[in-house]
Amino acid sequence: MDFETAWDAELRSFADELCRFETTAGNEAPAQEWLRERLVEWGFETYSWEADAEVLAAHPSFPSDPDEIETAERPSVAGVLEFGDPDAGQTLVLNGHIDVVPAGSGWEGDPFEPRWADGRLTARGAADMKCGLAACAFAARQLEASSPEIDGRIVVESVAGEEEGGIGAAAAALDNPYPFSRDAAIVAEPTDCRPVVATEGSLMKRLRLEGRSAHAATRWRGESVLPAFERIRRALEDLEAERGERVSHPLYEEFPIAWPVCVGRLEAGRWASSVADELVAEIRIGVAPGETVDEVEREFDRRLAEAVAETNVDCEFERFSIQFEPAEIDPDEPVVRSVQSAMTAQGLEAIDPRAGTYGADSRHYVEAGIPTVLFGPGNIGQAHFPEETIAWEDVLVAGETLAAAAESYLAA
């Protein structure tokens, strides 16, 4: 059965409706209930779960205070299709996250009113990653419709809170919500329909500097935090460059900065006519596969302490928000080979597995012993971007490839 002929119109309608839900943090429930109802209509056995903030607080990705982790009324849902003797075969999870980041400015229309033009869909979540999730659902339906003589299960999983550390995926990894084990997973993040087997970790740190205020007319009596911050910024930039030379990984050689350090937010001073006596900066630090967040944190803490010792300001450098551990699987894992063989069968260029400088829910499954590869439609450059868009043809190709990869994996 040709995927485009069989599913194009229905998949288009499904993705359009999914993008109309404003599934920002804490608002996932209505979309998840709508999705669960669709899965039931299509004959899937459904499951749902909510994360336990107490359990997540003990996980290194999340804040240690459960009150800082929003889990209530944020369900994750899944649908299961079984083939032949399911217990005699493998179980493959096709995963996507339902949540999106806030739309922000720069949109030409309502971000949650999907627009179709020139073969593209524009909406918040179109690329990251509601079309990937839609492709997963229809890939499973395609596989069922083809009536393959295979044993096993396909799980289509829609998780909440990926943008906040992977709330739904972490819960599923820590406490299996299904009455069966999971053998492998494909996360349909936007990878340009290329397999990604390594994802970078990230450390989130908040820098606070405190100097001494003074009137601008006698600024020499104060102690501005700005020269101290510039010294610190240069020290972090130097360490970024050093790590780029010292910490190597074959899959990251293509990136100009493999382990980036980004000062994403900066606020300093109180008043234009006063010496700036306080500064807060929020910094994201890249962590390579094979490293841990803890060891990278110690390295940056030492370098910052050296820089601050040459100043007259007080300093705090503490974690905040969520941390992403890096993740990596062997490119020869059966699930990766299944994706590659499916790509070849669909006429896609045979591409060796690649790496991403971002984090993903795959890390939670890999940590739980479930080999997980990223493969999905769209470009990561559209994620969190105004006028987020995706080529519809890529969604169709991804759906057909996912269906073929699932059949290949279960048939092996």
# chains A, B, ... in the order shown; residues from 1 in each chain; ligands from 1
>>> select_by_dssp(residues="stretch 190-276 of chain A", states="strand (DSSP E or B)", output="ChimeraX atom specification")
/A:196-199,201-210,212,215,223,261-268,274
>>> write_last_selection(atoms="C-alpha atoms", output="mmCIF file, in the first residue's frame")
data_model
loop_
_atom_site.group_PDB
_atom_site.id
_atom_site.type_symbol
_atom_site.label_atom_id
_atom_site.label_comp_id
_atom_site.auth_asym_id
_atom_site.auth_seq_id
_atom_site.Cartn_x
_atom_site.Cartn_y
_atom_site.Cartn_z
ATOM 1 C CA VAL A 196 20.999 10.427 14.927
ATOM 2 C CA VAL A 197 22.663 8.109 17.458
ATOM 3 C CA ALA A 198 24.368 10.626 19.773
ATOM 4 C CA THR A 199 22.922 13.658 21.533
ATOM 5 C CA GLY A 201 24.148 17.001 27.110
ATOM 6 C CA SER A 202 23.830 20.422 28.679
ATOM 7 C CA LEU A 203 24.552 21.979 32.046
ATOM 8 C CA MET A 204 22.486 24.981 33.093
ATOM 9 C CA LYS A 205 24.199 27.391 35.485
ATOM 10 C CA ARG A 206 23.154 30.729 36.971
ATOM 11 C CA LEU A 207 25.901 33.221 37.734
ATOM 12 C CA ARG A 208 25.349 35.940 40.347
ATOM 13 C CA LEU A 209 27.862 38.716 40.918
ATOM 14 C CA GLU A 210 27.687 41.363 43.646
ATOM 15 C CA ARG A 212 29.391 47.829 45.419
ATOM 16 C CA HIS A 215 26.686 57.396 42.331
ATOM 17 C CA GLU A 223 32.856 48.277 42.381
ATOM 18 C CA VAL A 261 28.932 27.695 25.957
ATOM 19 C CA CYS A 262 26.091 30.174 25.590
ATOM 20 C CA VAL A 263 25.258 33.117 27.854
ATOM 21 C CA GLY A 264 21.579 33.142 27.017
ATOM 22 C CA ARG A 265 20.328 35.683 29.524
ATOM 23 C CA LEU A 266 22.043 38.639 31.202
ATOM 24 C CA GLU A 267 20.742 41.314 33.562
ATOM 25 C CA ALA A 268 22.904 43.823 35.394
ATOM 26 C CA SER A 274 24.444 54.132 39.634
#
>>> residues_around(residues="A:Glu333", least_positions_apart="3", cutoff="10 Å", atoms="only C-alpha atoms", output="PyMOL selection string")
chain A and resi 184+197+329-330+336-338+371-373
>>> write_last_selection(atoms="N, CA and C atoms", output="mmCIF file, in the first residue's frame")
data_model
loop_
_atom_site.group_PDB
_atom_site.id
_atom_site.type_symbol
_atom_site.label_atom_id
_atom_site.label_comp_id
_atom_site.auth_asym_id
_atom_site.auth_seq_id
_atom_site.Cartn_x
_atom_site.Cartn_y
_atom_site.Cartn_z
ATOM 1 N N ALA A 184 13.427 -1.419 21.962
ATOM 2 C CA ALA A 184 14.102 -0.334 21.253
ATOM 3 C C ALA A 184 13.096 0.786 21.031
ATOM 4 N N VAL A 197 22.406 9.105 16.410
ATOM 5 C CA VAL A 197 22.663 8.109 17.458
ATOM 6 C C VAL A 197 23.346 8.703 18.681
ATOM 7 N N ILE A 329 24.308 5.624 21.418
ATOM 8 C CA ILE A 329 24.184 4.186 21.217
ATOM 9 C C ILE A 329 25.104 3.766 20.087
ATOM 10 N N ASP A 330 25.371 2.476 20.020
ATOM 11 C CA ASP A 330 26.215 1.924 18.957
ATOM 12 C C ASP A 330 25.495 2.062 17.619
ATOM 13 N N VAL A 336 18.964 0.858 14.655
ATOM 14 C CA VAL A 336 19.609 1.787 13.717
ATOM 15 C C VAL A 336 19.707 1.157 12.336
ATOM 16 N N ARG A 337 20.101 -0.104 12.288
ATOM 17 C CA ARG A 337 20.197 -0.785 10.994
ATOM 18 C C ARG A 337 18.834 -0.871 10.326
ATOM 19 N N SER A 338 17.781 -1.049 11.119
ATOM 20 C CA SER A 338 16.430 -1.105 10.554
ATOM 21 C C SER A 338 16.051 0.229 9.929
ATOM 22 N N PRO A 371 17.841 0.802 23.576
ATOM 23 C CA PRO A 371 18.531 1.484 22.469
ATOM 24 C C PRO A 371 17.556 2.396 21.712
ATOM 25 N N THR A 372 17.950 3.652 21.536
ATOM 26 C CA THR A 372 17.040 4.633 20.952
ATOM 27 C C THR A 372 17.769 5.490 19.930
ATOM 28 N N VAL A 373 17.169 5.603 18.758
ATOM 29 C CA VAL A 373 17.716 6.428 17.689
ATOM 30 C C VAL A 373 16.722 7.543 17.392
#
>>> residues_around(residues="A:Tyr358", least_positions_apart="4", cutoff="12 Å", atoms="only C-alpha atoms", output="MDAnalysis selection string")
chainID A and resid 163 189:191 196:203 252 258:260 284:289 323:327 362:363 374 380:381 383
>>> write_last_selection(atoms="C-alpha atoms", output="PDB file, in the first residue's frame")
ATOM      1  CA  GLU A 163      11.033  20.860  26.803  1.00  0.00           C
ATOM      2  CA  GLU A 189      12.622  14.573  16.440  1.00  0.00           C
ATOM      3  CA  PRO A 190      13.341  16.755  13.377  1.00  0.00           C
ATOM      4  CA  THR A 191      16.524  15.210  11.948  1.00  0.00           C
ATOM      5  CA  VAL A 196      20.999  10.427  14.927  1.00  0.00           C
ATOM      6  CA  VAL A 197      22.663   8.109  17.458  1.00  0.00           C
ATOM      7  CA  ALA A 198      24.368  10.626  19.773  1.00  0.00           C
ATOM      8  CA  THR A 199      22.922  13.658  21.533  1.00  0.00           C
ATOM      9  CA  GLU A 200      24.798  16.274  23.478  1.00  0.00           C
ATOM     10  CA  GLY A 201      24.148  17.001  27.110  1.00  0.00           C
ATOM     11  CA  SER A 202      23.830  20.422  28.679  1.00  0.00           C
ATOM     12  CA  LEU A 203      24.552  21.979  32.046  1.00  0.00           C
ATOM     13  CA  TYR A 252      30.987  15.869  16.262  1.00  0.00           C
ATOM     14  CA  ALA A 258      31.182  20.937  19.356  1.00  0.00           C
ATOM     15  CA  TRP A 259      30.526  21.783  23.025  1.00  0.00           C
ATOM     16  CA  PRO A 260      29.122  25.334  23.003  1.00  0.00           C
ATOM     17  CA  ARG A 284      24.118  26.787  28.980  1.00  0.00           C
ATOM     18  CA  ILE A 285      27.220  24.574  28.745  1.00  0.00           C
ATOM     19  CA  GLY A 286      27.546  21.679  26.283  1.00  0.00           C
ATOM     20  CA  VAL A 287      28.427  18.198  27.573  1.00  0.00           C
ATOM     21  CA  ALA A 288      29.951  15.625  25.234  1.00  0.00           C
ATOM     22  CA  PRO A 289      28.842  11.993  24.957  1.00  0.00           C
ATOM     23  CA  GLN A 323      20.132  19.304  33.088  1.00  0.00           C
ATOM     24  CA  PHE A 324      20.528  17.058  30.058  1.00  0.00           C
ATOM     25  CA  GLU A 325      22.893  14.116  30.278  1.00  0.00           C
ATOM     26  CA  PRO A 326      24.417  13.184  26.906  1.00  0.00           C
ATOM     27  CA  ALA A 327      23.385   9.915  25.287  1.00  0.00           C
ATOM     28  CA  SER A 362      16.221   9.512  23.887  1.00  0.00           C
ATOM     29  CA  ARG A 363      18.660   9.884  26.789  1.00  0.00           C
ATOM     30  CA  LEU A 374      16.371   9.792  16.537  1.00  0.00           C
ATOM     31  CA  ILE A 380      16.138  21.249  13.950  1.00  0.00           C
ATOM     32  CA  GLY A 381      16.822  24.839  12.866  1.00  0.00           C
ATOM     33  CA  ALA A 383      12.654  24.346  16.422  1.00  0.00           C
TER      34      ALA A 383
END
>>> residues_around(residues="A:Leu121", least_positions_apart="5", cutoff="6 Å", atoms="only C-alpha atoms", output="list in words")
Arg115, Trp116, Thr389 and Ile390 of chain A
>>> residues_around(residues="stretch 407-412 of chain A", least_positions_apart="5", cutoff="9 Å", atoms="only C-alpha atoms", output="ChimeraX atom specification")
/A:89-92,143,148-154,334-335,337-339,341-342,402
>>> select_by_dssp(residues="stretch 183-302 of chain A", states="helix (DSSP H, G or I)", output="ChimeraX atom specification")
/A:216-221,226-246,250-252,293-302
>>> closest_residue(among="A:Asp118, A:Glu108, A:Glu17, A:Glu50", to="A:Trp392", atoms="only C-alpha atoms")
A:Asp118
>>> closest_residue(among="A:Cys131, A:Phe300, A:Asp2, A:Ala72", to="A:Ser146", atoms="only C-alpha atoms")
A:Asp2
>>> atom_distance(atom1="atom CA of A:Gly104", atom2="atom CA of A:Leu226")
29.1 Å
>>> residues_around(residues="A:Ala214", least_positions_apart="5", cutoff="7 Å", atoms="only C-alpha atoms", output="PyMOL selection string")
chain A and resi 219+221-222+274-275
>>> residues_around(residues="A:Val397", least_positions_apart="6", cutoff="9 Å", atoms="only C-alpha atoms", output="compact mmCIF listing (two decimals) with C-alpha atoms, in the first residue's frame")
# COMPACT_ATOMS: atom_id res chain seq x y z
CA PHE A 3 1.71 5.59 2.09
CA GLU A 4 1.03 8.88 0.35
CA ALA A 135 4.16 10.36 11.33
CA CYS A 193 15.11 12.15 7.94
CA GLN A 346 12.44 4.32 0.30
CA LEU A 348 16.71 7.93 0.51
CA PRO A 377 10.92 14.93 9.46
>>> closest_residue(among="A:Glu28, A:Val187, A:Leu174, A:Arg270", to="A:Glu367", atoms="only C-alpha atoms")
A:Leu174
>>> closest_residue(among="A:Ala15, A:Ala145, A:Leu279, A:Ala31", to="A:Phe83", atoms="only C-alpha atoms")
A:Ala145
>>> closest_residue(among="A:Pro227, A:Gly84, A:Pro75, A:Gly376", to="A:Asp128", atoms="only C-alpha atoms")
A:Gly376
>>> decode(residues="stretch 295-335 of chain A", atoms="N, CA and C atoms", output="short mmCIF file (atom, residue, chain, number, x, y, z; two decimals), in the first residue's frame")
data_model
loop_
_atom_site.label_atom_id
_atom_site.label_comp_id
_atom_site.auth_asym_id
_atom_site.auth_seq_id
_atom_site.Cartn_x
_atom_site.Cartn_y
_atom_site.Cartn_z
N GLU A 295 31.00 16.12 36.03
CA GLU A 295 32.42 16.37 35.82
C GLU A 295 32.66 17.64 35.02
N VAL A 296 31.78 17.94 34.08
CA VAL A 296 31.89 19.18 33.33
C VAL A 296 31.62 20.37 34.24
N GLU A 297 30.66 20.22 35.14
CA GLU A 297 30.37 21.29 36.09
C GLU A 297 31.59 21.59 36.95
N ARG A 298 32.28 20.57 37.43
CA ARG A 298 33.46 20.79 38.26
C ARG A 298 34.54 21.55 37.48
N GLU A 299 34.69 21.22 36.21
CA GLU A 299 35.69 21.89 35.39
C GLU A 299 35.37 23.37 35.22
N PHE A 300 34.13 23.69 34.97
CA PHE A 300 33.75 25.09 34.81
C PHE A 300 33.75 25.84 36.14
N ASP A 301 33.40 25.16 37.22
CA ASP A 301 33.46 25.80 38.53
C ASP A 301 34.89 26.21 38.87
N ARG A 302 35.85 25.33 38.57
CA ARG A 302 37.26 25.65 38.85
C ARG A 302 37.72 26.85 38.03
N ARG A 303 37.37 26.86 36.74
CA ARG A 303 37.81 27.96 35.89
C ARG A 303 37.18 29.27 36.34
N LEU A 304 35.92 29.25 36.72
CA LEU A 304 35.27 30.47 37.17
C LEU A 304 35.90 30.97 38.47
N ALA A 305 36.20 30.05 39.39
CA ALA A 305 36.83 30.45 40.65
C ALA A 305 38.16 31.14 40.40
N GLU A 306 38.93 30.66 39.43
CA GLU A 306 40.20 31.29 39.09
C GLU A 306 39.99 32.71 38.57
N ALA A 307 38.96 32.88 37.73
CA ALA A 307 38.69 34.21 37.16
C ALA A 307 38.20 35.17 38.23
N VAL A 308 37.33 34.70 39.11
CA VAL A 308 36.77 35.57 40.14
C VAL A 308 37.83 35.96 41.17
N ALA A 309 38.82 35.10 41.40
CA ALA A 309 39.86 35.40 42.38
C ALA A 309 40.64 36.65 42.01
N GLU A 310 40.61 37.05 40.75
CA GLU A 310 41.33 38.23 40.29
C GLU A 310 40.45 39.48 40.32
N THR A 311 39.27 39.39 40.93
CA THR A 311 38.35 40.52 41.00
C THR A 311 38.04 40.83 42.47
N ASN A 312 37.23 41.87 42.67
CA ASN A 312 36.81 42.25 44.02
C ASN A 312 35.30 42.11 44.19
N VAL A 313 34.69 41.18 43.47
CA VAL A 313 33.25 40.98 43.59
C VAL A 313 32.96 39.63 44.23
N ASP A 314 31.77 39.51 44.81
CA ASP A 314 31.31 38.24 45.34
C ASP A 314 30.60 37.47 44.24
N CYS A 315 30.68 36.15 44.30
CA CYS A 315 30.18 35.34 43.18
C CYS A 315 29.47 34.10 43.69
N GLU A 316 28.37 33.75 43.02
CA GLU A 316 27.69 32.46 43.18
C GLU A 316 27.54 31.87 41.78
N PHE A 317 27.72 30.57 41.67
CA PHE A 317 27.60 29.89 40.37
C PHE A 317 26.90 28.57 40.65
N GLU A 318 25.58 28.55 40.44
CA GLU A 318 24.78 27.41 40.85
C GLU A 318 23.95 26.87 39.70
N ARG A 319 23.59 25.59 39.81
CA ARG A 319 22.68 24.99 38.83
C ARG A 319 21.30 25.62 38.95
N PHE A 320 20.60 25.61 37.82
CA PHE A 320 19.19 25.96 37.85
C PHE A 320 18.48 25.19 36.75
N SER A 321 17.19 25.17 36.79
CA SER A 321 16.37 24.56 35.74
C SER A 321 16.69 23.08 35.60
N ILE A 322 16.84 22.62 34.36
CA ILE A 322 17.01 21.20 34.08
C ILE A 322 18.38 20.93 33.47
N GLN A 323 18.85 19.71 33.65
CA GLN A 323 20.13 19.30 33.09
C GLN A 323 19.86 18.16 32.10
N PHE A 324 20.65 18.13 31.05
CA PHE A 324 20.53 17.06 30.06
C PHE A 324 21.82 16.25 30.06
N GLU A 325 21.75 14.99 30.44
CA GLU A 325 22.89 14.12 30.28
C GLU A 325 23.03 13.76 28.79
N PRO A 326 24.25 13.63 28.30
CA PRO A 326 24.42 13.18 26.91
C PRO A 326 24.00 11.73 26.77
N ALA A 327 23.78 11.31 25.55
CA ALA A 327 23.38 9.92 25.29
C ALA A 327 23.98 9.46 23.97
N GLU A 328 24.25 8.16 23.89
CA GLU A 328 24.84 7.62 22.68
C GLU A 328 24.57 6.12 22.63
N ILE A 329 24.31 5.62 21.42
CA ILE A 329 24.18 4.19 21.22
C ILE A 329 25.10 3.77 20.09
N ASP A 330 25.37 2.48 20.02
CA ASP A 330 26.22 1.92 18.96
C ASP A 330 25.49 2.06 17.62
N PRO A 331 26.15 2.63 16.60
CA PRO A 331 25.52 2.74 15.28
C PRO A 331 25.11 1.41 14.68
N ASP A 332 25.63 0.30 15.22
CA ASP A 332 25.28 -1.02 14.71
C ASP A 332 24.11 -1.66 15.46
N GLU A 333 23.47 -0.91 16.35
CA GLU A 333 22.28 -1.45 17.02
C GLU A 333 21.23 -1.86 15.97
N PRO A 334 20.51 -2.97 16.22
CA PRO A 334 19.50 -3.40 15.25
C PRO A 334 18.49 -2.33 14.87
N VAL A 335 18.08 -1.48 15.82
CA VAL A 335 17.09 -0.46 15.49
C VAL A 335 17.67 0.56 14.52
#
